[in-house]
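Novice: Once you've had a glance at the structure underneath, I'll fire off some questions.
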Amino acid sequence: MAIIMDGNGRWAKEHGLSRVEGHKEGAKRVKDVMDAARECGVKYVTLYAFSSENWSRPKAEVSALMKLLEHSLKSYAKDFLKNKIRFRTIGDISKLPEKTVTLIEKLKEETKDFNEHCLVLALNYGSRDELLRAVSKIARDAKQGIFSPEHIGWDDVSEYLDTADIPDPDLMVRTSGEMRISNYLLLQSAYAELYFTQVNWPDFGRDEFMRAIGDFERRERRYGLTGEQIK
Ligand code: IPE
Ligand code: IPE
Ligand code: MG
């Protein structure tokens, strides 16, 4: 499952709080969602935490988000180890504060052998940025003769994406009522089922998670075939 965790700012406004308070409340939902995912056997949860476009927000909000990220990583570390959750990231983390990068690398290393559940955080992620970085590596490898341009297939290309060995999402959820993808997993969600809910991210708990799963289970996925073909 991939989730666009949206609506922290609107949630805060509704509660007479600052946007940063909204982000803090939102960060707490990550644990609820991880618990719910383990409960119903969802192996991969990929959360959009900070987009490549979010850097353009007011400086104070960006730095509060970076601080919150650092704090959340520290507090979630125990849970990842206790519940055997592998931690991974997608996006260009080299642009994050050095301390945060160190924390991320440490947590990835400590959890790298867990294979039942995986939390993927999208940090400084944007599909177009991901594609640009991939294309540049593909061009370099083609030039060096690592593969021939005539024989490149989708499997080869997908190996250059940040999600190289992470399965494509089956379900893409966006909270807060917005119905757009905002540069998230554009290629990977080619055949994902989309689920939009009005609920703001800080209100997205276990019940909301289960509702999304329930909705997904009623979908008929056809992958270009006719309804009769897949019966
Ligand atoms: C999502 O909530 C969190 C991030 C993008 C980091 P928003 O901050 O986008 O909340 P709204 O959309 O302004 O309500
Ligand atoms: C998408 O939400 C990014 C994250 C949830 C991290 P935004 O709030 O940034 O997206 P737009 O600007 O409404 O498209
Ligand atoms: Mg938003």
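Residue names in the structure tokens use chain letters A, B, ... in the order shown, residue numbers from 1 in each chain, and ligand numbers from 1 in the order shown.
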Using only C-alpha atoms and all ligand atoms, which residues have at least one atom no more than 9 Å from ligand 3? Output them as an MDAnalysis selection string.
Specialist: chainID A and resid 5:10 176 178
Novice: Store the residues picked out above, limited to all heavy atoms, as a CSV table (one decimal), in the first residue's frame.
Specialist:
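Contents of again-v8.csv, as written:
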```csv
chain,number,residue,atom,x,y,z
A,5,MET,N,0.0,11.0,2.6
A,5,MET,CA,-0.5,11.5,3.9
A,5,MET,C,-0.7,13.0,3.8
A,5,MET,O,0.2,13.8,4.1
A,5,MET,CB,0.6,11.2,5.0
A,5,MET,CG,1.2,9.8,5.0
A,5,MET,SD,2.3,9.5,6.3
A,5,MET,CE,3.8,10.4,5.8
A,6,ASP,N,-1.9,13.3,3.5
A,6,ASP,CA,-2.2,14.7,3.3
A,6,ASP,C,-3.3,15.3,4.2
A,6,ASP,O,-4.1,14.5,4.7
A,6,ASP,CB,-2.7,14.9,1.8
A,6,ASP,CG,-2.6,16.4,1.4
A,6,ASP,OD1,-1.9,17.2,2.0
A,6,ASP,OD2,-3.2,16.7,0.3
A,7,GLY,N,-3.2,16.6,4.5
A,7,GLY,CA,-4.3,17.2,5.3
A,7,GLY,C,-3.8,17.6,6.7
A,7,GLY,O,-4.7,18.0,7.5
A,8,ASN,N,-2.6,17.5,7.0
A,8,ASN,CA,-2.1,17.9,8.4
A,8,ASN,C,-2.4,19.4,8.7
A,8,ASN,O,-2.8,19.7,9.8
A,8,ASN,CB,-0.6,17.7,8.5
A,8,ASN,CG,-0.2,16.2,8.5
A,8,ASN,OD1,-1.0,15.4,8.5
A,8,ASN,ND2,1.1,16.0,8.3
A,9,GLY,N,-2.2,20.2,7.7
A,9,GLY,CA,-2.4,21.7,7.8
A,9,GLY,C,-3.9,22.0,8.1
A,9,GLY,O,-4.2,22.7,9.0
A,10,ARG,N,-4.7,21.3,7.3
A,10,ARG,CA,-6.2,21.6,7.4
A,10,ARG,C,-6.7,21.0,8.7
A,10,ARG,O,-7.5,21.6,9.4
A,10,ARG,CB,-6.9,21.0,6.2
A,10,ARG,CG,-6.9,22.0,5.0
A,10,ARG,CD,-7.2,21.2,3.7
A,10,ARG,NE,-6.1,20.4,3.3
A,10,ARG,CZ,-6.2,19.5,2.4
A,10,ARG,NH1,-7.4,19.2,1.8
A,10,ARG,NH2,-5.1,18.8,2.0
A,176,SER,N,-7.5,13.4,2.9
A,176,SER,CA,-7.9,14.8,2.9
A,176,SER,C,-8.7,15.3,1.8
A,176,SER,O,-8.9,16.5,1.6
A,176,SER,CB,-6.6,15.7,3.0
A,176,SER,OG,-6.0,16.0,1.7
A,178,GLU,N,-8.2,15.4,-1.4
A,178,GLU,CA,-7.6,15.9,-2.7
A,178,GLU,C,-7.6,14.7,-3.6
A,178,GLU,O,-7.2,13.6,-3.2
A,178,GLU,CB,-6.2,16.4,-2.5
A,178,GLU,CG,-6.1,17.5,-1.5
A,178,GLU,CD,-6.8,18.8,-1.9
A,178,GLU,OE1,-7.4,18.9,-3.0
A,178,GLU,OE2,-6.9,19.7,-1.0
```
Novice: Set the distance at 8 Å and use only C-alpha atoms: which residues neighbour Glu61 in chain A once local chain neighbours fewer than 4 positions away are removed? I'd like the list as a list of chain:residue names.
Specialist: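 Using only C-alpha atoms, the neighbours found are A:Arg19, A:Val20, A:Arg57, A:Leu65.
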Novice: How would the residues just picked look written out with N, CA and C atoms as a short mmCIF file (atom, residue, chain, number, x, y, z; two decimals), in the first residue's frame?
Specialist:
```cif
data_model
loop_
_atom_site.label_atom_id
_atom_site.label_comp_id
_atom_site.auth_asym_id
_atom_site.auth_seq_id
_atom_site.Cartn_x
_atom_site.Cartn_y
_atom_site.Cartn_z
N ARG A 19 0.23 24.68 11.95
CA ARG A 19 0.46 23.62 10.96
C ARG A 19 1.43 22.57 11.52
N VAL A 20 2.43 23.07 12.26
CA VAL A 20 3.44 22.15 12.80
C VAL A 20 2.79 21.15 13.77
N ARG A 57 8.02 25.22 0.63
CA ARG A 57 7.14 25.74 1.69
C ARG A 57 7.91 26.74 2.54
N LEU A 65 9.57 20.36 9.86
CA LEU A 65 9.36 19.01 9.32
C LEU A 65 10.63 18.18 9.43
#
```
Novice: When DSSP is applied to the backbone of this structure, which of range 155-194 of chain A are assigned helix (DSSP H, G or I)? Write them out as a ChimeraX atom specification.
Specialist: /A:155-158
Novice: Keeping only C-alpha atoms, write the selected residues to a file as a short mmCIF file (atom, residue, chain, number, x, y, z; two decimals), in the first residue's frame.
Specialist:
```cif
data_model
loop_
_atom_site.label_atom_id
_atom_site.label_comp_id
_atom_site.auth_asym_id
_atom_site.auth_seq_id
_atom_site.Cartn_x
_atom_site.Cartn_y
_atom_site.Cartn_z
CA ASP A 155 12.38 -4.73 -15.96
CA ASP A 156 15.76 -3.17 -16.75
CA VAL A 157 14.43 0.37 -16.41
CA SER A 158 12.60 -0.37 -13.16
#
```
Novice: Skipping near chain neighbours, those fewer than 2 positions away, what residues fall within 12 Å of Arg29 in chain A using only C-alpha atoms, listed as a PyMOL selection string?
Specialist: chain A and resi 3+5-6+8+22-27+31-36+47+49+72+76+200-209
Novice: Record the distance separating CA of Tyr191 in chain A and CA of Tyr223 in chain A, expressed in Å with one decimal.
Specialist: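 We find that CA of Tyr191 in chain A and CA of Tyr223 in chain A lie 7.0 Å from each other.
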Novice: Excluding range 103-112 of chain A and residues on its chain fewer than 3 positions from it, collect all residues at most 6 Å away from it, counting only C-alpha atoms, and give them as a count of residues only.
Specialist: 4
Novice: Counting only C-alpha atoms, which residue out of A:Leu123, A:Met210, A:Ile90, A:Leu69 sits closest to Glu53 in chain A?
Specialist: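 So, comparing all the options, the nearest one is A:Leu123.
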Novice: Using only C-alpha atoms, pick whichever of A:Arg133, A:Arg128, A:Lys13, A:Arg140 has the shortest atom-to-atom distance to Ser51 in chain A.
Specialist: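 So, comparing all the options, the nearest one is A:Arg128.
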Novice: Closest to Ala2 in chain A among A:Ser75, A:Gln229, A:Gln188, A:Gln198, using only C-alpha atoms?
Specialist: A:Gln188
Novice: Taking the DSSP secondary structure from the backbone, can you list the residues of range 75-115 of chain A that are strand (DSSP E), as an mmCIF file with C-alpha atoms, in the first residue's frame?
Specialist:
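The file below, states27.cif, is the result:
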```
data_model
loop_
_atom_site.group_PDB
_atom_site.id
_atom_site.type_symbol
_atom_site.label_atom_id
_atom_site.label_comp_id
_atom_site.auth_asym_id
_atom_site.auth_seq_id
_atom_site.Cartn_x
_atom_site.Cartn_y
_atom_site.Cartn_z
ATOM 1 C CA ILE A 85 9.969 -4.142 10.374
ATOM 2 C CA ARG A 86 12.470 -3.371 7.671
ATOM 3 C CA PHE A 87 13.002 0.353 7.177
ATOM 4 C CA ARG A 88 13.773 1.736 3.728
ATOM 5 C CA THR A 89 13.525 5.040 1.908
ATOM 6 C CA ILE A 90 12.936 6.293 -1.618
#
```
